[in-house]
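J.: The structure that follows is given in the form of structure tokens.
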Amino acid sequence: MPDAKQINPDDQDTRLLGQVFQRIEENPNHSIPFSEYMEMALYDPDLGYYSSPEARPIGRRGDFYTSVSVGETFGFLLGQRLQAEWEANFDQSSPFVVVEQGAHDGQLALDLFEGLRTSCSPLLEILNYRIVESRSPVRNWLRGRFREVGLSEKISIVDSLEAGRAEQGVFLSNELQDAFPVRRIRREDGEWREWQVGIKNGELAWVCRELPENLEVFAAAVGNGVEDGYTTEACTAALEWMSTASKLFDKGLWWIIDYGYGSDDYYAPHRKNGTLRCFRNHRATENPFESPGEIDITAHVNFTHLREAAEASGLKERRFTDQHHFLIEAARPWLLSMEGQPPQREMTSRMRQFQTLTHPAMMGQQFKVAEFSRGI
Ligand SMILES: C[S@@+](CC[C@H](N)C(=O)[O-])C[C@H]1O[C@@H](n2cnc3c(N)ncnc32)[C@H](O)[C@@H]1O
């Protein structure tokens with residue numbers, strides 16, 4: 001990592017770092033919460049890691065894989081599940097909306113539509129898909145991509161969750177909440193403190209600060225029985241987000257797919273360094289200060305906190321399961337339709353992707369699905 005003396009404001013590689021240093025120096029505490037640093041590193045409009053989906057392919061050519069990047073099977077199966085829910089639980093003569101957030105390059109929407117098309121689903125006619133994206137350059141880029149494939153009538157890009165609101169529909173996100181900026185708390189000298197980002201010897205470094213009141217609830221969830229040095233994440237952003245997302249539909253389902261744990265596991269004493277990870281070229285590191293803007297930074301989702309926030313906002317937990325169980329159920333009609341059929345080449349490729357997505361040792365167990373409902 002370059003130190004303060006090596007920063008050149010005209011140099012792309014160090015410009016973001018220079019802005020971080022400035023933010024820290026301007027703060028009376030000479031430090032900033034980690035969430036502020038993570039927000040800059042991932043979402044700075046020009047220099048953040050996620051500022052351009054085109055420049056950040058996900059999958060083999062990128063820094064990490066997601067279920068979407070495994071291939072079109074994930075979107076196909078979510079489409080099949082959507083079709084089944086729509087038939088069983090929604091008014092089929094009224095408009096039906098899917099809201100997706102964290103869509104990156106929009107690939108999941110494309111796969112889902114293609115799956116509905118190839119299975120001749122009647123949902124295709126009525127479905128109105130809305131992607132939530134607050135950054136205007138990314139919105140324009142996504143619009144261009146959907147225009148090219150003739151889907152701009154069906155898929156719209158809205159700038160906030162509020163703008164996605166509808167009477168009935170399904171909310172969908174894959175690996176959104178693990179990318180929310182987190183704060184960090186740490187046990188030091190038998191007390192809970194916040195671990196913030198400061199400068200030591202001209203470099204970014206962790207510094208301990210007094211625990212603010214809004215993080216006390218996270219410290220209480222861990223308890224005081226853990227040893228000094230125990231560090232974990234506190235995602236206040238996920239709780240605020242859940243409260244807004246819960247207002248999307250009068251009648252609806254919320255599918256939140258991501259990696260994470262319930263509180264018991266999240267705050268287990270052996271997880272003493274927390275869940276913060278960085279990814280570059282498919283390699284994981286624990287140093288988020290290396291090359292801000294060039295590496296992905298992520299933390300596991302606390303599904304207990306998410307459920308509590310959903311229930312406090314009037315949603316019901318419908319089920320909490322893993323991707324293995326969720327996708328196997330979604331795939332049942334497809335698997336039955338293949339019985340007795342001679343194997344076809346595209347089916348072999350889909351089956352291979354299905355195994356990657358559902359095998360417990362691959363993506364099946366690590367990824368969880370939290371499903372909430374209102375009015376169903
Ligand atoms: C780990 S990537 C997952 C991308 C995609 N869903 C997939 O599964 O391949 C996280 C995505 O969430 C987006 N994101 C994070 N916070 C967001 C927010 N508040 N609104 C919209 N997108 C957000 C990021 O820009 C990034 O594209």
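Every chain in the structure tokens has a letter given in the order shown (A, B, ...), and although residue numbers restart at 1 in each chain, ligands are simply numbered from 1 in the order shown.
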Determine, counting only C-alpha atoms, which protein, DNA and RNA residues have an atom within 12 Å of an atom of region 132-137 of chain A; residues of the same chain fewer than 3 positions away are not included. Present the result as an MDAnalysis selection string.

T.: chainID A and resid 43:46 48 50:54 98:106 129 140:144 155:165 171:173 176 245 248

J.: Write a file of the just-selected residues containing N, CA and C atoms, as a compact mmCIF listing (two decimals), in the first residue's frame.

T.:
# COMPACT_ATOMS: atom_id res chain seq x y z
N TYR A 43 -18.09 1.90 -3.46
CA TYR A 43 -19.15 2.63 -4.16
C TYR A 43 -18.82 4.07 -4.53
N ASP A 44 -17.56 4.50 -4.40
CA ASP A 44 -17.23 5.83 -4.90
C ASP A 44 -17.69 5.87 -6.37
N PRO A 45 -18.42 6.95 -6.78
CA PRO A 45 -19.03 6.94 -8.11
C PRO A 45 -18.03 6.73 -9.26
N ASP A 46 -16.78 7.21 -9.10
CA ASP A 46 -15.81 7.04 -10.20
C ASP A 46 -14.79 5.95 -9.92
N GLY A 48 -14.78 3.61 -7.12
CA GLY A 48 -15.14 2.46 -6.29
C GLY A 48 -15.12 1.16 -7.08
N TYR A 50 -17.24 -1.14 -7.41
CA TYR A 50 -18.46 -1.46 -8.15
C TYR A 50 -18.95 -0.31 -9.03
N SER A 51 -18.07 0.66 -9.34
CA SER A 51 -18.59 1.83 -10.09
C SER A 51 -18.96 1.48 -11.53
N SER A 52 -18.37 0.42 -12.09
CA SER A 52 -18.73 0.06 -13.47
C SER A 52 -18.86 -1.46 -13.61
N PRO A 53 -20.08 -1.97 -13.82
CA PRO A 53 -20.26 -3.43 -13.93
C PRO A 53 -19.43 -4.00 -15.08
N GLU A 54 -19.26 -3.21 -16.14
CA GLU A 54 -18.53 -3.68 -17.32
C GLU A 54 -17.07 -3.96 -16.96
N VAL A 98 -41.54 -8.00 -10.09
CA VAL A 98 -40.36 -8.51 -9.39
C VAL A 98 -39.42 -7.34 -9.21
N VAL A 99 -38.94 -7.14 -7.99
CA VAL A 99 -37.95 -6.09 -7.73
C VAL A 99 -36.63 -6.79 -7.38
N GLU A 100 -35.59 -6.48 -8.13
CA GLU A 100 -34.26 -7.04 -7.81
C GLU A 100 -33.33 -5.90 -7.42
N GLN A 101 -32.54 -6.11 -6.40
CA GLN A 101 -31.53 -5.11 -6.01
C GLN A 101 -30.17 -5.80 -5.93
N GLY A 102 -29.12 -5.07 -6.31
CA GLY A 102 -27.78 -5.67 -6.33
C GLY A 102 -27.59 -6.46 -7.61
N ALA A 103 -28.16 -5.98 -8.72
CA ALA A 103 -28.22 -6.77 -9.96
C ALA A 103 -26.90 -6.76 -10.74
N HIS A 104 -25.98 -5.87 -10.36
CA HIS A 104 -24.68 -5.76 -11.04
C HIS A 104 -24.88 -5.54 -12.54
N ASP A 105 -24.57 -6.54 -13.38
CA ASP A 105 -24.69 -6.34 -14.83
C ASP A 105 -26.03 -6.82 -15.38
N GLY A 106 -26.98 -7.16 -14.52
CA GLY A 106 -28.33 -7.53 -14.97
C GLY A 106 -28.46 -8.95 -15.49
N TYR A 129 -40.47 -6.33 -14.38
CA TYR A 129 -39.26 -6.54 -13.57
C TYR A 129 -38.60 -5.19 -13.32
N ASN A 140 -27.90 3.82 -16.61
CA ASN A 140 -27.87 4.01 -18.06
C ASN A 140 -27.25 2.81 -18.77
N TRP A 141 -26.20 2.28 -18.17
CA TRP A 141 -25.53 1.13 -18.77
C TRP A 141 -26.49 -0.07 -18.82
N LEU A 142 -27.21 -0.30 -17.72
CA LEU A 142 -28.16 -1.43 -17.68
C LEU A 142 -29.28 -1.23 -18.71
N ARG A 143 -29.77 0.01 -18.80
CA ARG A 143 -30.84 0.28 -19.79
C ARG A 143 -30.37 -0.08 -21.19
N GLY A 144 -29.13 0.28 -21.50
CA GLY A 144 -28.57 -0.03 -22.82
C GLY A 144 -28.52 -1.53 -23.04
N ILE A 155 -38.21 -4.78 -18.50
CA ILE A 155 -37.31 -4.53 -17.35
C ILE A 155 -37.04 -3.04 -17.25
N SER A 156 -37.41 -2.46 -16.11
CA SER A 156 -37.10 -1.04 -15.93
C SER A 156 -36.09 -0.89 -14.79
N ILE A 157 -35.37 0.23 -14.81
CA ILE A 157 -34.37 0.46 -13.77
C ILE A 157 -34.86 1.65 -12.95
N VAL A 158 -35.05 1.44 -11.66
CA VAL A 158 -35.54 2.52 -10.80
C VAL A 158 -34.42 2.95 -9.85
N ASP A 159 -34.52 4.18 -9.34
CA ASP A 159 -33.38 4.69 -8.58
C ASP A 159 -33.48 4.45 -7.07
N SER A 160 -34.59 3.88 -6.61
CA SER A 160 -34.70 3.61 -5.16
C SER A 160 -35.69 2.48 -4.94
N LEU A 161 -35.63 1.88 -3.77
CA LEU A 161 -36.59 0.83 -3.43
C LEU A 161 -38.01 1.39 -3.43
N GLU A 162 -38.16 2.60 -2.95
CA GLU A 162 -39.49 3.23 -2.89
C GLU A 162 -40.10 3.28 -4.28
N ALA A 163 -39.27 3.53 -5.29
CA ALA A 163 -39.78 3.64 -6.66
C ALA A 163 -40.16 2.28 -7.24
N GLY A 164 -39.78 1.20 -6.55
CA GLY A 164 -40.13 -0.15 -7.03
C GLY A 164 -41.47 -0.62 -6.48
N ARG A 165 -42.09 0.16 -5.59
CA ARG A 165 -43.29 -0.30 -4.87
C ARG A 165 -44.44 -0.73 -5.79
N PHE A 171 -39.65 -9.71 -4.09
CA PHE A 171 -38.33 -9.06 -4.02
C PHE A 171 -37.27 -10.15 -4.10
N LEU A 172 -36.19 -9.83 -4.78
CA LEU A 172 -35.15 -10.82 -5.04
C LEU A 172 -33.78 -10.17 -4.93
N SER A 173 -32.87 -10.80 -4.17
CA SER A 173 -31.48 -10.33 -4.23
C SER A 173 -30.54 -11.51 -4.05
N LEU A 176 -26.49 -9.39 -2.19
CA LEU A 176 -26.58 -7.93 -2.01
C LEU A 176 -26.08 -7.55 -0.62
N ALA A 245 -37.19 -2.10 2.61
CA ALA A 245 -37.57 -3.15 1.64
C ALA A 245 -38.89 -3.81 2.03
N LEU A 248 -42.20 -2.73 0.27
CA LEU A 248 -42.34 -2.83 -1.20
C LEU A 248 -43.73 -3.25 -1.66

J.: Region 29-37 of chain A: which residues within 6 Å, counting only C-alpha atoms, same-chain residues fewer than 4 positions away excluded, as a ChimeraX atom specification?

T.: /A:24-25,181-183,196-198

J.: Just asking: which residues within region 223-259 of chain A are strand (DSSP E) according to DSSP, as a list of chain:residue names?

T.: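 Of region 223-259 of chain A, the ones in strand (DSSP E) are A:Thr231, A:Thr232, A:Glu233, A:Ala234, A:Phe249, A:Asp250, A:Lys251, A:Gly252, A:Leu253, A:Trp254, A:Trp255, A:Ile256, A:Ile257, A:Asp258, A:Tyr259.
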
J.: Any chance you could export the current selection's C-alpha atoms as a PDB file, in the first residue's frame?

T.:
ATOM      1  CA  THR A 231     -13.515  -8.753  16.469  1.00  0.00           C
ATOM      2  CA  THR A 232     -16.757  -8.924  14.529  1.00  0.00           C
ATOM      3  CA  GLU A 233     -18.999  -6.972  12.185  1.00  0.00           C
ATOM      4  CA  ALA A 234     -22.093  -4.877  12.849  1.00  0.00           C
ATOM      5  CA  PHE A 249     -45.573  -4.833  -1.497  1.00  0.00           C
ATOM      6  CA  ASP A 250     -48.987  -5.125   0.219  1.00  0.00           C
ATOM      7  CA  LYS A 251     -48.873  -8.778  -0.767  1.00  0.00           C
ATOM      8  CA  GLY A 252     -45.503 -10.269  -1.490  1.00  0.00           C
ATOM      9  CA  LEU A 253     -42.541 -12.510  -0.959  1.00  0.00           C
ATOM     10  CA  TRP A 254     -38.966 -11.509  -0.190  1.00  0.00           C
ATOM     11  CA  TRP A 255     -36.138 -13.856  -1.265  1.00  0.00           C
ATOM     12  CA  ILE A 256     -32.779 -12.938   0.200  1.00  0.00           C
ATOM     13  CA  ILE A 257     -30.007 -15.221  -1.005  1.00  0.00           C
ATOM     14  CA  ASP A 258     -26.542 -14.814   0.462  1.00  0.00           C
ATOM     15  CA  TYR A 259     -23.876 -16.408   2.616  1.00  0.00           C
TER      16      TYR A 259
END

J.: Pick out the residues sitting within 9 Å of Phe326 (chain A), and hand them over as a list in words; count only C-alpha atoms, and ignore anything fewer than 4 positions along from it in its own chain.

T.: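 Non-adjacent residues within range: Thr321, Asp322, Ala330, Ala331, Thr358, Lys368 and Val369 of chain A.
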
J.: Which is closer to ligand 1 than all the others in A:Phe367, A:Phe354, A:Trp334, A:Trp206, using only C-alpha atoms and all ligand atoms?

T.: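 Among the listed residues, A:Phe367 lies closest to ligand 1.
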
J.: Could you pull out the helix (DSSP H, G or I) residues of region 150-348 of chain A, going by DSSP on the backbone, and write them as number ranges by chain?

T.: A: 162-164, 177-179, 213-222, 236-245, 263-266, 303-312, 323-337, 345-348
